[in-house]
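**Student:** Pasting in a structure now, in structure tokens, and then I'll have a few things to ask.
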Amino acid sequence: MSFVTCDLCDENPELVRIVEPMFNNYGGIAAFHGEVVTVKCHEDNSVVKENVAKPGEGKVMVVDGGGSLRCALLGDMLAEKAAQNGWAGIIIYGCIRDVDEIGKTELGVQALRTIPIKSNRQGRGDLNVTITFGGVTFNPGEYVYADNNGIIVSTEPLKLPE
């Protein structure tokens, strides 16, 4: 099922919140959407690792990494695990690594930048808390839509083209 965020904005102006344009598309799936699962972490991807191992059920993990550009919160092995477990995508307010492999993975991935160094794992981070970045607040259970045009969020699912 294909969609374009521009069209969704035009058709649902009262429902969508638009994330400021700062993300790049890195995944093997350019357009993805799903129910929001949030992670708040800073330079520690422990909670990301735990959750890509769980059934994703077509959801999108939205990770508030504080915008850090000092280490990656997602690499090829975690992206592959997420794809295998049915996650639709991962949006990271921070960096990723292994971009060539992630680009071959059947997963939507958007992030700020790339960096070759991995994060520390010290078991820190929060799951399903309200997070804010890019001028938008993300609440668990809302819906996110992402493509090469940008990222939008809605409190309810948007009707997609047939």
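In the structure tokens, chains take letters A, B, ... by order of appearance, with residues numbered from 1 within each chain and ligands from 1 in the order shown.
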Each residue of segment 4-88 of chain A with at least one atom at most 9 Å from segment 115-136 of chain A should appear once, together with its nearest atom pair and the corresponding distance in Å (one decimal); atoms considered: only C-alpha atoms; ordering: chain, then increasing residue number; output as CSV.

**Tutor:**
residue,atom,partner,partner_atom,distance
A:Arg17,CA,A:Val136,CA,6.6
A:Ile18,CA,A:Val136,CA,7.0
A:Val19,CA,A:Gly134,CA,5.1
A:Glu20,CA,A:Gly134,CA,4.8
A:Pro21,CA,A:Gly134,CA,7.6
A:Met22,CA,A:Gly134,CA,7.7
A:Val36,CA,A:Asn128,CA,8.7
A:Val37,CA,A:Asn128,CA,5.9
A:Thr38,CA,A:Asn128,CA,4.6
A:Val39,CA,A:Leu127,CA,4.7
A:Lys40,CA,A:Asp126,CA,5.1
A:Cys41,CA,A:Gly125,CA,4.4
A:His42,CA,A:Gly125,CA,7.3
A:Glu43,CA,A:Ser119,CA,5.3
A:Asp44,CA,A:Asn120,CA,5.0
A:Asn45,CA,A:Arg121,CA,6.1
A:Ser46,CA,A:Gly123,CA,5.2
A:Val47,CA,A:Gly125,CA,5.9
A:Val48,CA,A:Gly125,CA,8.7
A:Asn51,CA,A:Leu127,CA,8.9
A:Val62,CA,A:Ile131,CA,8.8
A:Val63,CA,A:Ile131,CA,8.5
A:Asp64,CA,A:Ile131,CA,6.6
A:Gly66,CA,A:Phe133,CA,8.1
A:Gly67,CA,A:Phe133,CA,8.4
A:Leu69,CA,A:Ile115,CA,7.4
A:Arg70,CA,A:Ile115,CA,7.4
A:Cys71,CA,A:Ser119,CA,5.2
A:Ala72,CA,A:Lys118,CA,5.0
A:Leu73,CA,A:Ser119,CA,5.9
A:Leu74,CA,A:Lys118,CA,8.0
A:Gly75,CA,A:Lys118,CA,7.8

**Student:** Excluding Pro55 of chain A and residues on its chain fewer than 2 positions from it, collect all residues at most 8 Å away from it, counting only C-alpha atoms, and give them as a list of chain:residue names.

**Tutor:** A:Val52, A:Ala53, A:Glu57, A:Asn85, A:Gly86, A:Trp87

**Student:** For Asn12 of chain A, which residue out of A:Glu162, A:Glu142, A:Glu156, A:Asp76 is the nearest one, using only C-alpha atoms?

**Tutor:**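 For Asn12 of chain A, the nearest of the candidates is A:Glu156.
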
**Student:** Determine the nearest neighbour of Asn148 of chain A from the options A:Ala111, A:Lys59, A:Met77, A:Glu101, counting only C-alpha atoms.

**Tutor:**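 Residue with the minimum atom-to-atom distance to Asn148 of chain A: A:Ala111.
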
**Student:** Could you work out how far atom CA of Pro140 of chain A lies from atom CA of Ala79 of chain A, giving the answer in Å with one decimal?

**Tutor:**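 Going from atom CA of Ala79 of chain A over to atom CA of Pro140 of chain A, I get 20.6 Å.
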
**Student:** Could you go through segment 31-119 of chain A and tell me which residues DSSP, when run on the backbone, assigns to helix (DSSP H, G or I), listing them as a list of chain:residue names?

**Tutor:**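 Secondary structure check on segment 31-119 of chain A, helix (DSSP H, G or I): A:Ser46, A:Val47, A:Val48, A:Lys49, A:Glu50, A:Asn51, A:Val52, A:Asp76, A:Met77, A:Leu78, A:Ala79, A:Glu80, A:Lys81, A:Ala82, A:Ala83, A:Gln84, A:Val99, A:Asp100, A:Glu101, A:Ile102.
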
**Student:** I want to know what sits within 10 Å of Tyr143 of chain A, based on only C-alpha atoms, with residues of the same chain fewer than 2 positions away left out; could you give that as a list of chain:residue names?

**Tutor:** A:Val16, A:His33, A:Gly34, A:Glu35, A:Val36, A:Val37, A:Lys59, A:Val60, A:Phe138, A:Asn139, A:Pro140, A:Gly141, A:Tyr145, A:Ile152, A:Val153, A:Ser154, A:Thr155, A:Glu156, A:Pro157, A:Leu158

**Student:** For all heavy atoms, I'd like the residues from the last selection saved as a short mmCIF file (atom, residue, chain, number, x, y, z; two decimals), in the first residue's frame.

**Tutor:**
data_model
loop_
_atom_site.label_atom_id
_atom_site.label_comp_id
_atom_site.auth_asym_id
_atom_site.auth_seq_id
_atom_site.Cartn_x
_atom_site.Cartn_y
_atom_site.Cartn_z
N VAL A 16 -3.07 16.35 10.98
CA VAL A 16 -1.64 16.04 10.96
C VAL A 16 -0.79 17.12 11.62
O VAL A 16 -1.11 18.31 11.58
CB VAL A 16 -1.13 15.80 9.52
CG1 VAL A 16 -1.84 14.61 8.90
CG2 VAL A 16 -1.26 17.02 8.65
N HIS A 33 4.61 3.49 7.57
CA HIS A 33 3.69 4.08 8.54
C HIS A 33 3.30 3.02 9.56
O HIS A 33 3.45 1.82 9.33
CB HIS A 33 2.45 4.65 7.86
CG HIS A 33 1.59 3.58 7.24
ND1 HIS A 33 0.55 3.00 7.92
CD2 HIS A 33 1.64 2.98 6.04
CE1 HIS A 33 -0.02 2.09 7.13
NE2 HIS A 33 0.64 2.07 5.99
N GLY A 34 2.76 3.49 10.67
CA GLY A 34 2.26 2.56 11.67
C GLY A 34 2.01 3.27 12.99
O GLY A 34 2.27 4.46 13.16
N GLU A 35 1.51 2.48 13.92
CA GLU A 35 1.27 2.97 15.28
C GLU A 35 2.61 3.26 15.95
O GLU A 35 3.57 2.51 15.80
CB GLU A 35 0.48 1.93 16.06
CG GLU A 35 0.06 2.40 17.43
CD GLU A 35 -0.76 1.36 18.17
OE1 GLU A 35 -1.37 0.49 17.52
OE2 GLU A 35 -0.76 1.42 19.41
N VAL A 36 2.65 4.33 16.72
CA VAL A 36 3.88 4.79 17.36
C VAL A 36 4.18 4.02 18.65
O VAL A 36 3.31 3.88 19.51
CB VAL A 36 3.78 6.30 17.67
CG1 VAL A 36 4.95 6.77 18.53
CG2 VAL A 36 3.69 7.12 16.39
N VAL A 37 5.42 3.56 18.74
CA VAL A 37 6.01 3.07 19.98
C VAL A 37 7.20 3.98 20.24
O VAL A 37 8.05 4.13 19.37
CB VAL A 37 6.48 1.60 19.84
CG1 VAL A 37 7.26 1.17 21.08
CG2 VAL A 37 5.32 0.67 19.57
N LYS A 59 4.23 -1.75 13.59
CA LYS A 59 4.36 -0.46 14.28
C LYS A 59 5.67 0.22 13.88
O LYS A 59 6.54 -0.37 13.25
CB LYS A 59 4.32 -0.68 15.79
CG LYS A 59 2.98 -1.21 16.26
CD LYS A 59 2.94 -1.47 17.74
CE LYS A 59 1.57 -2.04 18.12
NZ LYS A 59 1.51 -2.35 19.56
N VAL A 60 5.79 1.50 14.27
CA VAL A 60 6.99 2.28 14.00
C VAL A 60 7.57 2.71 15.34
O VAL A 60 6.89 3.32 16.17
CB VAL A 60 6.67 3.53 13.15
CG1 VAL A 60 7.90 4.40 12.98
CG2 VAL A 60 6.11 3.11 11.79
N PHE A 138 5.28 13.31 20.22
CA PHE A 138 4.87 11.96 19.85
C PHE A 138 4.36 11.25 21.10
O PHE A 138 5.08 11.19 22.11
CB PHE A 138 6.05 11.15 19.31
CG PHE A 138 6.66 11.68 18.05
CD1 PHE A 138 7.59 12.70 18.09
CD2 PHE A 138 6.33 11.14 16.82
CE1 PHE A 138 8.19 13.18 16.94
CE2 PHE A 138 6.91 11.61 15.65
CZ PHE A 138 7.83 12.63 15.71
N ASN A 139 3.16 10.72 21.01
CA ASN A 139 2.59 9.95 22.11
C ASN A 139 2.46 8.50 21.67
O ASN A 139 2.05 8.23 20.53
CB ASN A 139 1.21 10.49 22.49
CG ASN A 139 1.28 11.89 23.02
OD1 ASN A 139 1.85 12.12 24.08
ND2 ASN A 139 0.74 12.84 22.28
N PRO A 140 2.76 7.56 22.56
CA PRO A 140 2.55 6.14 22.21
C PRO A 140 1.10 5.93 21.78
O PRO A 140 0.19 6.51 22.36
CB PRO A 140 2.85 5.41 23.52
CG PRO A 140 3.70 6.35 24.31
CD PRO A 140 3.27 7.73 23.91
N GLY A 141 0.92 5.12 20.74
CA GLY A 141 -0.43 4.83 20.26
C GLY A 141 -0.92 5.77 19.18
O GLY A 141 -1.98 5.53 18.58
N TYR A 145 3.58 8.65 9.73
CA TYR A 145 3.69 8.37 8.30
C TYR A 145 4.97 9.05 7.83
O TYR A 145 5.18 10.23 8.11
CB TYR A 145 2.49 8.93 7.54
CG TYR A 145 1.18 8.36 8.05
CD1 TYR A 145 0.58 8.85 9.20
CD2 TYR A 145 0.57 7.30 7.38
CE1 TYR A 145 -0.59 8.30 9.69
CE2 TYR A 145 -0.60 6.75 7.87
CZ TYR A 145 -1.18 7.26 9.02
OH TYR A 145 -2.34 6.70 9.51
N ILE A 152 4.97 12.88 9.22
CA ILE A 152 3.78 13.48 9.82
C ILE A 152 3.23 12.55 10.88
O ILE A 152 3.46 11.34 10.86
CB ILE A 152 2.70 13.81 8.75
CG1 ILE A 152 2.23 12.54 8.03
CG2 ILE A 152 3.23 14.84 7.76
CD1 ILE A 152 1.07 12.79 7.07
N VAL A 153 2.50 13.14 11.83
CA VAL A 153 1.94 12.40 12.96
C VAL A 153 0.47 12.76 13.08
O VAL A 153 0.07 13.91 12.86
CB VAL A 153 2.67 12.77 14.27
CG1 VAL A 153 2.15 11.92 15.43
CG2 VAL A 153 4.16 12.60 14.12
N SER A 154 -0.35 11.76 13.45
CA SER A 154 -1.77 11.96 13.65
C SER A 154 -2.23 11.18 14.88
O SER A 154 -1.69 10.11 15.18
CB SER A 154 -2.54 11.47 12.42
OG SER A 154 -3.93 11.53 12.63
N THR A 155 -3.23 11.72 15.57
CA THR A 155 -3.77 11.01 16.73
C THR A 155 -4.60 9.81 16.31
O THR A 155 -4.83 8.92 17.11
CB THR A 155 -4.63 11.94 17.61
OG1 THR A 155 -5.66 12.49 16.79
CG2 THR A 155 -3.80 13.04 18.22
N GLU A 156 -5.05 9.81 15.06
CA GLU A 156 -5.85 8.69 14.55
C GLU A 156 -5.32 8.21 13.21
O GLU A 156 -4.61 8.96 12.54
CB GLU A 156 -7.32 9.10 14.42
CG GLU A 156 -7.55 10.28 13.50
CD GLU A 156 -8.98 10.80 13.57
OE1 GLU A 156 -9.36 11.34 14.61
OE2 GLU A 156 -9.68 10.65 12.54
N PRO A 157 -5.61 6.96 12.83
CA PRO A 157 -5.11 6.48 11.54
C PRO A 157 -5.71 7.27 10.39
O PRO A 157 -6.88 7.66 10.43
CB PRO A 157 -5.56 5.01 11.49
CG PRO A 157 -6.44 4.78 12.65
CD PRO A 157 -6.38 5.97 13.55
N LEU A 158 -4.90 7.55 9.38
CA LEU A 158 -5.35 8.29 8.20
C LEU A 158 -5.74 7.31 7.12
O LEU A 158 -5.13 6.23 6.98
CB LEU A 158 -4.23 9.21 7.69
CG LEU A 158 -3.70 10.23 8.69
CD1 LEU A 158 -2.55 11.02 8.09
CD2 LEU A 158 -4.81 11.17 9.15
#

**Student:** When DSSP works through the backbone of this structure, what residues of chain A end up as strand (DSSP E or B), shown as a ChimeraX atom specification?

**Tutor:** /A:16-18,24-25,32-40,44,60-64,72,89-96,108-114,118,120,126-127,131-133,136-138,143-147,150-154

**Student:** I need the residue nearest Gly58 of chain A from this list: A:Ala88, A:Ala31, A:Cys9, A:Val99. Use only C-alpha atoms for the distance.

**Tutor:**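 Smallest separation from Gly58 of chain A among the options: A:Ala88.
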
**Student:** Applying 12 Å and only C-alpha atoms, which residues near Tyr26 of chain A remain after dropping the ones on its own chain fewer than 5 positions away? List them as a PyMOL selection string.

**Tutor:** chain A and resi 31-32+74-76+79+89-92+95-114+146-148

**Student:** Can you work out which one of A:Ala30, A:Asn25, A:Glu14, A:Thr137 has the shortest atom-to-atom distance to Ser2 of chain A, counting only C-alpha atoms?

**Tutor:**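 Checking each of A:Ala30, A:Asn25, A:Glu14, A:Thr137 against Ser2 of chain A, counting only C-alpha atoms, the winner is A:Ala30.
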
**Student:** Quote the spacing between atom CA of Lys54 of chain A and atom CA of Thr5 of chain A in Å to one decimal place.

**Tutor:**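 Result for atom CA of Lys54 of chain A versus atom CA of Thr5 of chain A: 27.8 Å, one decimal.
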